[in-house]
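Trainee: To be precise about what I am sending: the file is called target22.pdb and holds PDB, C-alpha atoms and all ligand atoms.
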ATOM      1  CA  MET A   1      17.606 -13.399  21.013  1.00  0.00           C
ATOM      2  CA  PRO A   2      14.174 -12.288  22.269  1.00  0.00           C
ATOM      3  CA  ASN A   3      11.194 -14.675  22.115  1.00  0.00           C
ATOM      4  CA  SER A   4      13.429 -17.726  22.614  1.00  0.00           C
ATOM      5  CA  LEU A   5      14.310 -17.820  18.921  1.00  0.00           C
ATOM      6  CA  ARG A   6      17.514 -19.757  18.279  1.00  0.00           C
ATOM      7  CA  ILE A   7      19.593 -19.760  15.129  1.00  0.00           C
ATOM      8  CA  GLN A   8      22.671 -21.920  15.283  1.00  0.00           C
ATOM      9  CA  ASN A   9      26.088 -20.469  14.494  1.00  0.00           C
ATOM     10  CA  VAL A  10      24.734 -16.935  14.097  1.00  0.00           C
ATOM     11  CA  MET A  11      25.714 -14.159  16.452  1.00  0.00           C
ATOM     12  CA  VAL A  12      22.782 -11.947  17.338  1.00  0.00           C
ATOM     13  CA  THR A  13      22.087  -9.064  19.621  1.00  0.00           C
ATOM     14  CA  SER A  14      19.094  -7.186  20.904  1.00  0.00           C
ATOM     15  CA  GLY A  15      18.659  -3.822  22.521  1.00  0.00           C
ATOM     16  CA  LYS A  16      16.666  -0.655  22.794  1.00  0.00           C
ATOM     17  CA  LEU A  17      16.404   1.226  19.510  1.00  0.00           C
ATOM     18  CA  SER A  18      16.867   4.929  19.943  1.00  0.00           C
ATOM     19  CA  ASP A  19      19.584   6.883  18.189  1.00  0.00           C
ATOM     20  CA  THR A  20      21.525   3.771  17.312  1.00  0.00           C
ATOM     21  CA  ASP A  21      22.540   2.641  13.864  1.00  0.00           C
ATOM     22  CA  PHE A  22      23.105  -1.038  13.336  1.00  0.00           C
ATOM     23  CA  LEU A  23      23.802  -3.510  10.655  1.00  0.00           C
ATOM     24  CA  ILE A  24      21.944  -6.729   9.894  1.00  0.00           C
ATOM     25  CA  GLY A  25      23.670  -9.148   7.565  1.00  0.00           C
ATOM     26  CA  MET A  26      22.037 -10.732   4.542  1.00  0.00           C
ATOM     27  CA  ASP A  27      22.947 -14.113   6.018  1.00  0.00           C
ATOM     28  CA  ILE A  28      20.375 -13.438   8.735  1.00  0.00           C
ATOM     29  CA  ILE A  29      17.760 -11.678   6.598  1.00  0.00           C
ATOM     30  CA  THR A  30      17.636 -14.550   4.118  1.00  0.00           C
ATOM     31  CA  LEU A  31      16.779 -16.994   6.914  1.00  0.00           C
ATOM     32  CA  GLY A  32      13.383 -15.544   7.734  1.00  0.00           C
ATOM     33  CA  ASP A  33      11.024 -12.577   7.562  1.00  0.00           C
ATOM     34  CA  PHE A  34      12.520  -9.223   8.443  1.00  0.00           C
ATOM     35  CA  SER A  35      10.681  -5.914   8.613  1.00  0.00           C
ATOM     36  CA  VAL A  36      11.191  -2.358   9.731  1.00  0.00           C
ATOM     37  CA  THR A  37       8.139  -0.173  10.275  1.00  0.00           C
ATOM     38  CA  ASN A  38       7.879   3.431  11.437  1.00  0.00           C
ATOM     39  CA  LEU A  39       4.247   3.989  12.361  1.00  0.00           C
ATOM     40  CA  ASN A  40       3.630   7.258  14.223  1.00  0.00           C
ATOM     41  CA  GLY A  41       7.343   7.762  14.691  1.00  0.00           C
ATOM     42  CA  LYS A  42       7.791   4.451  16.483  1.00  0.00           C
ATOM     43  CA  THR A  43      10.385   2.308  14.764  1.00  0.00           C
ATOM     44  CA  THR A  44       9.805  -1.414  15.060  1.00  0.00           C
ATOM     45  CA  PHE A  45      12.322  -3.959  13.870  1.00  0.00           C
ATOM     46  CA  SER A  46      10.993  -7.461  13.688  1.00  0.00           C
ATOM     47  CA  PHE A  47      12.377 -10.798  12.613  1.00  0.00           C
ATOM     48  CA  ARG A  48      10.932 -14.278  12.587  1.00  0.00           C
ATOM     49  CA  TYR A  49      12.199 -17.659  11.584  1.00  0.00           C
ATOM     50  CA  PRO A  50      11.159 -19.613   9.604  1.00  0.00           C
ATOM     51  CA  SER A  51       9.564 -17.387   7.000  1.00  0.00           C
ATOM     52  CA  CYS A  52       5.786 -17.794   6.979  1.00  0.00           C
ATOM     53  CA  GLU A  53       4.294 -14.860   5.074  1.00  0.00           C
ATOM     54  CA  THR A  54       5.008 -12.511   2.191  1.00  0.00           C
ATOM     55  CA  ILE A  55       4.604  -8.846   3.025  1.00  0.00           C
ATOM     56  CA  ASN A  56       4.513  -6.743  -0.121  1.00  0.00           C
ATOM     57  CA  TYR A  57       4.025  -3.013   0.415  1.00  0.00           C
ATOM     58  CA  VAL A  58       3.697  -2.383  -3.325  1.00  0.00           C
ATOM     59  CA  GLU A  59       0.776  -4.827  -3.603  1.00  0.00           C
ATOM     60  CA  GLN A  60      -0.827  -3.352  -0.476  1.00  0.00           C
ATOM     61  CA  ALA A  61      -0.560   0.144  -1.975  1.00  0.00           C
ATOM     62  CA  LYS A  62      -2.064  -1.097  -5.242  1.00  0.00           C
ATOM     63  CA  ARG A  63      -5.051  -2.613  -3.411  1.00  0.00           C
ATOM     64  CA  ILE A  64      -5.679   0.660  -1.543  1.00  0.00           C
ATOM     65  CA  GLN A  65      -5.325   2.673  -4.763  1.00  0.00           C
ATOM     66  CA  ARG A  66      -7.693   0.292  -6.565  1.00  0.00           C
ATOM     67  CA  LYS A  67     -10.314   0.616  -3.805  1.00  0.00           C
ATOM     68  CA  ASN A  68     -10.097   4.428  -3.951  1.00  0.00           C
ATOM     69  CA  LEU A  69     -10.443   4.456  -7.731  1.00  0.00           C
ATOM     70  CA  GLU A  70     -13.430   2.105  -7.595  1.00  0.00           C
ATOM     71  CA  LYS A  71     -15.051   4.417  -5.046  1.00  0.00           C
ATOM     72  CA  GLN A  72     -14.474   7.407  -7.359  1.00  0.00           C
ATOM     73  CA  LEU A  73     -15.842   5.438 -10.294  1.00  0.00           C
ATOM     74  CA  LYS A  74     -19.055   4.612  -8.413  1.00  0.00           C
ATOM     75  CA  ALA A  75     -19.528   8.270  -7.430  1.00  0.00           C
ATOM     76  CA  ILE A  76     -19.069   9.406 -11.044  1.00  0.00           C
ATOM     77  CA  GLN A  77     -21.417   6.718 -12.361  1.00  0.00           C
ATOM     78  CA  LYS A  78     -24.005   7.847  -9.821  1.00  0.00           C
ATOM     79  CA  ASN A  79     -23.695  11.429 -11.119  1.00  0.00           C
ATOM     80  CA  LEU A  80     -24.024  10.192 -14.692  1.00  0.00           C
ATOM     81  CA  ARG A  81     -27.436   8.729 -13.870  1.00  0.00           C
ATOM     82  CA  LYS A  82     -28.597  11.968 -12.250  1.00  0.00           C
ATOM     83  CA  LYS A  83     -29.077  15.152 -14.231  1.00  0.00           C
ATOM     84  CA  VAL A  84     -26.102  16.821 -12.532  1.00  0.00           C
ATOM     85  CA  LYS A  85     -24.382  19.778 -14.201  1.00  0.00           C
ATOM     86  CA  CYS A  86     -20.732  19.317 -15.113  1.00  0.00           C
ATOM     87  CA  PRO A  87     -18.298  20.859 -12.603  1.00  0.00           C
ATOM     88  CA  CYS A  88     -16.289  22.392 -15.495  1.00  0.00           C
ATOM     89  CA  GLY A  89     -18.791  25.245 -15.679  1.00  0.00           C
ATOM     90  CA  SER A  90     -19.970  24.600 -19.239  1.00  0.00           C
ATOM     91  CA  GLY A  91     -23.560  24.459 -18.061  1.00  0.00           C
ATOM     92  CA  ARG A  92     -24.033  21.105 -19.794  1.00  0.00           C
ATOM     93  CA  GLN A  93     -25.077  17.936 -18.001  1.00  0.00           C
ATOM     94  CA  PHE A  94     -22.158  15.990 -16.562  1.00  0.00           C
ATOM     95  CA  ARG A  95     -23.002  12.885 -18.581  1.00  0.00           C
ATOM     96  CA  TYR A  96     -22.870  14.825 -21.879  1.00  0.00           C
ATOM     97  CA  CYS A  97     -19.770  16.820 -20.960  1.00  0.00           C
ATOM     98  CA  HIS A  98     -16.832  15.440 -18.913  1.00  0.00           C
ATOM     99  CA  GLY A  99     -18.568  12.428 -17.302  1.00  0.00           C
ATOM    100  CA  LYS A 100     -17.567   9.746 -19.765  1.00  0.00           C
ATOM    101  CA  GLU A 101     -14.059  11.176 -20.080  1.00  0.00           C
ATOM    102  CA  GLN A 102     -13.581  10.939 -16.295  1.00  0.00           C
ATOM    103  CA  ILE A 103     -14.810   7.360 -16.249  1.00  0.00           C
ATOM    104  CA  LYS A 104     -12.437   6.448 -19.065  1.00  0.00           C
ATOM    105  CA  LYS A 105      -9.534   8.046 -17.164  1.00  0.00           C
ATOM    106  CA  ILE A 106     -10.271   6.048 -14.007  1.00  0.00           C
ATOM    107  CA  GLU A 107     -10.720   2.828 -15.962  1.00  0.00           C
ATOM    108  CA  GLU A 108      -7.323   3.393 -17.582  1.00  0.00           C
ATOM    109  CA  GLU A 109      -5.741   3.945 -14.154  1.00  0.00           C
ATOM    110  CA  LEU A 110      -7.364   0.765 -12.868  1.00  0.00           C
ATOM    111  CA  GLU A 111      -5.993  -1.121 -15.860  1.00  0.00           C
ATOM    112  CA  LYS A 112      -2.478   0.238 -15.181  1.00  0.00           C
ATOM    113  CA  ILE A 113      -2.608  -0.942 -11.562  1.00  0.00           C
ATOM    114  CA  GLY A 114      -3.780  -4.400 -12.543  1.00  0.00           C
ATOM    115  CA  VAL A 115      -4.987  -7.085 -10.124  1.00  0.00           C
TER     116      VAL A 115
HETATM  117 ZN    ZN A 201     -17.549  19.452 -18.436  1.00  0.00          ZN
END
Turn this file's structure into structure tokens for me.
Mentor:
Amino acid sequence: MPNSLRIQNVMVTSGKLSDTDFLIGMDIITLGDFSVTNLNGKTTFSFRYPSCETINYVEQAKRIQRKNLEKQLKAIQKNLRKKVKCPCGSGRQFRYCHGKEQIKKIEEELEKIGV
């Protein structure tokens, strides 16, 4: 195996990944950390033993979503303080029209995401 990694009594192989399909058994995956990424069309398979980190794409996505929502919230709160007209076209000030409703919506989304 590459990188001088040795796992006793387990048959392994390595090779160039192109148009090849291959199978990795659960007996190997459960020994360490296994990942497959496809950034910019480049597929990278990686395995390490022993396991030393949890990679959770769902939690990563939640953190990014939370950051974006917090950014939106700040922008809306900034517009609430100014005497900005509401983008709905009512002619009323944002804070007396859809401002609070938009903040409530974002706060509900943030609550759904959690953490
Ligand atoms: Zn409005």
Trainee: Which value, in Å to one decimal, gives the distance between atom CA of Leu110 of chain A and atom CA of Leu69 of chain A?
Mentor: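 Rounded to one decimal, the two atoms are 7.0 Å apart.
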Trainee: Return as a PDB file with C-alpha atoms, in the frame of the given file the residues of protein, DNA or RNA that approach ligand ZN 201 (chain A) to within 9 Å, with only C-alpha atoms and all ligand atoms taken into account.
Mentor:
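selection37.pdb, freshly written:
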ATOM      1  CA  LYS A  85     -24.382  19.778 -14.201  1.00  0.00           C
ATOM      2  CA  CYS A  86     -20.732  19.317 -15.113  1.00  0.00           C
ATOM      3  CA  PRO A  87     -18.298  20.859 -12.603  1.00  0.00           C
ATOM      4  CA  CYS A  88     -16.289  22.392 -15.495  1.00  0.00           C
ATOM      5  CA  GLY A  89     -18.791  25.245 -15.679  1.00  0.00           C
ATOM      6  CA  SER A  90     -19.970  24.600 -19.239  1.00  0.00           C
ATOM      7  CA  GLY A  91     -23.560  24.459 -18.061  1.00  0.00           C
ATOM      8  CA  ARG A  92     -24.033  21.105 -19.794  1.00  0.00           C
ATOM      9  CA  GLN A  93     -25.077  17.936 -18.001  1.00  0.00           C
ATOM     10  CA  PHE A  94     -22.158  15.990 -16.562  1.00  0.00           C
ATOM     11  CA  ARG A  95     -23.002  12.885 -18.581  1.00  0.00           C
ATOM     12  CA  TYR A  96     -22.870  14.825 -21.879  1.00  0.00           C
ATOM     13  CA  CYS A  97     -19.770  16.820 -20.960  1.00  0.00           C
ATOM     14  CA  HIS A  98     -16.832  15.440 -18.913  1.00  0.00           C
ATOM     15  CA  GLY A  99     -18.568  12.428 -17.302  1.00  0.00           C
TER      16      GLY A  99
END
Trainee: Choose the residue, out of A:Lys100, A:Thr43, A:Gly114, A:Lys83, that has the smallest atom-to-atom separation from Glu59 of chain A; count all atoms listed in the file.
Mentor: A:Gly114
Trainee: List, as JSON, numbers by chain, every residue that the PyMOL selection byres (((chain A and resi 32) around 10) and not hetatm) selects in the file provided.
Mentor: {"A": [27, 28, 29, 30, 31, 33, 34, 47, 48, 49, 50, 51, 52, 53]}
Trainee: Can you write out the residues you just picked, keeping C-alpha atoms, as an mmCIF file, in the coordinates of the input?
Mentor:
data_model
loop_
_atom_site.group_PDB
_atom_site.id
_atom_site.type_symbol
_atom_site.label_atom_id
_atom_site.label_comp_id
_atom_site.auth_asym_id
_atom_site.auth_seq_id
_atom_site.Cartn_x
_atom_site.Cartn_y
_atom_site.Cartn_z
ATOM 1 C CA ASP A 27 22.947 -14.113 6.018
ATOM 2 C CA ILE A 28 20.375 -13.438 8.735
ATOM 3 C CA ILE A 29 17.760 -11.678 6.598
ATOM 4 C CA THR A 30 17.636 -14.550 4.118
ATOM 5 C CA LEU A 31 16.779 -16.994 6.914
ATOM 6 C CA ASP A 33 11.024 -12.577 7.562
ATOM 7 C CA PHE A 34 12.520 -9.223 8.443
ATOM 8 C CA PHE A 47 12.377 -10.798 12.613
ATOM 9 C CA ARG A 48 10.932 -14.278 12.587
ATOM 10 C CA TYR A 49 12.199 -17.659 11.584
ATOM 11 C CA PRO A 50 11.159 -19.613 9.604
ATOM 12 C CA SER A 51 9.564 -17.387 7.000
ATOM 13 C CA CYS A 52 5.786 -17.794 6.979
ATOM 14 C CA GLU A 53 4.294 -14.860 5.074
#
Trainee: Can you spell out as a list in words the set of residues that the PyMOL selection byres (((chain A and resi 72) around 12) and not hetatm) selects in the structure I just provided?
Mentor: Gln65, Arg66, Lys67, Asn68, Leu69, Glu70, Lys71, Leu73, Lys74, Ala75, Ile76, Gln77, Lys78, Asn79, Gly99, Gln102, Ile103, Lys104, Lys105, Ile106, Glu107, Glu109 and Leu110 of chain A
Trainee: Separation of atom CA of Glu101 of chain A and atom CA of Ile113 of chain A, in Å?
Mentor: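 Distance between the two atoms: 18.7 Å.
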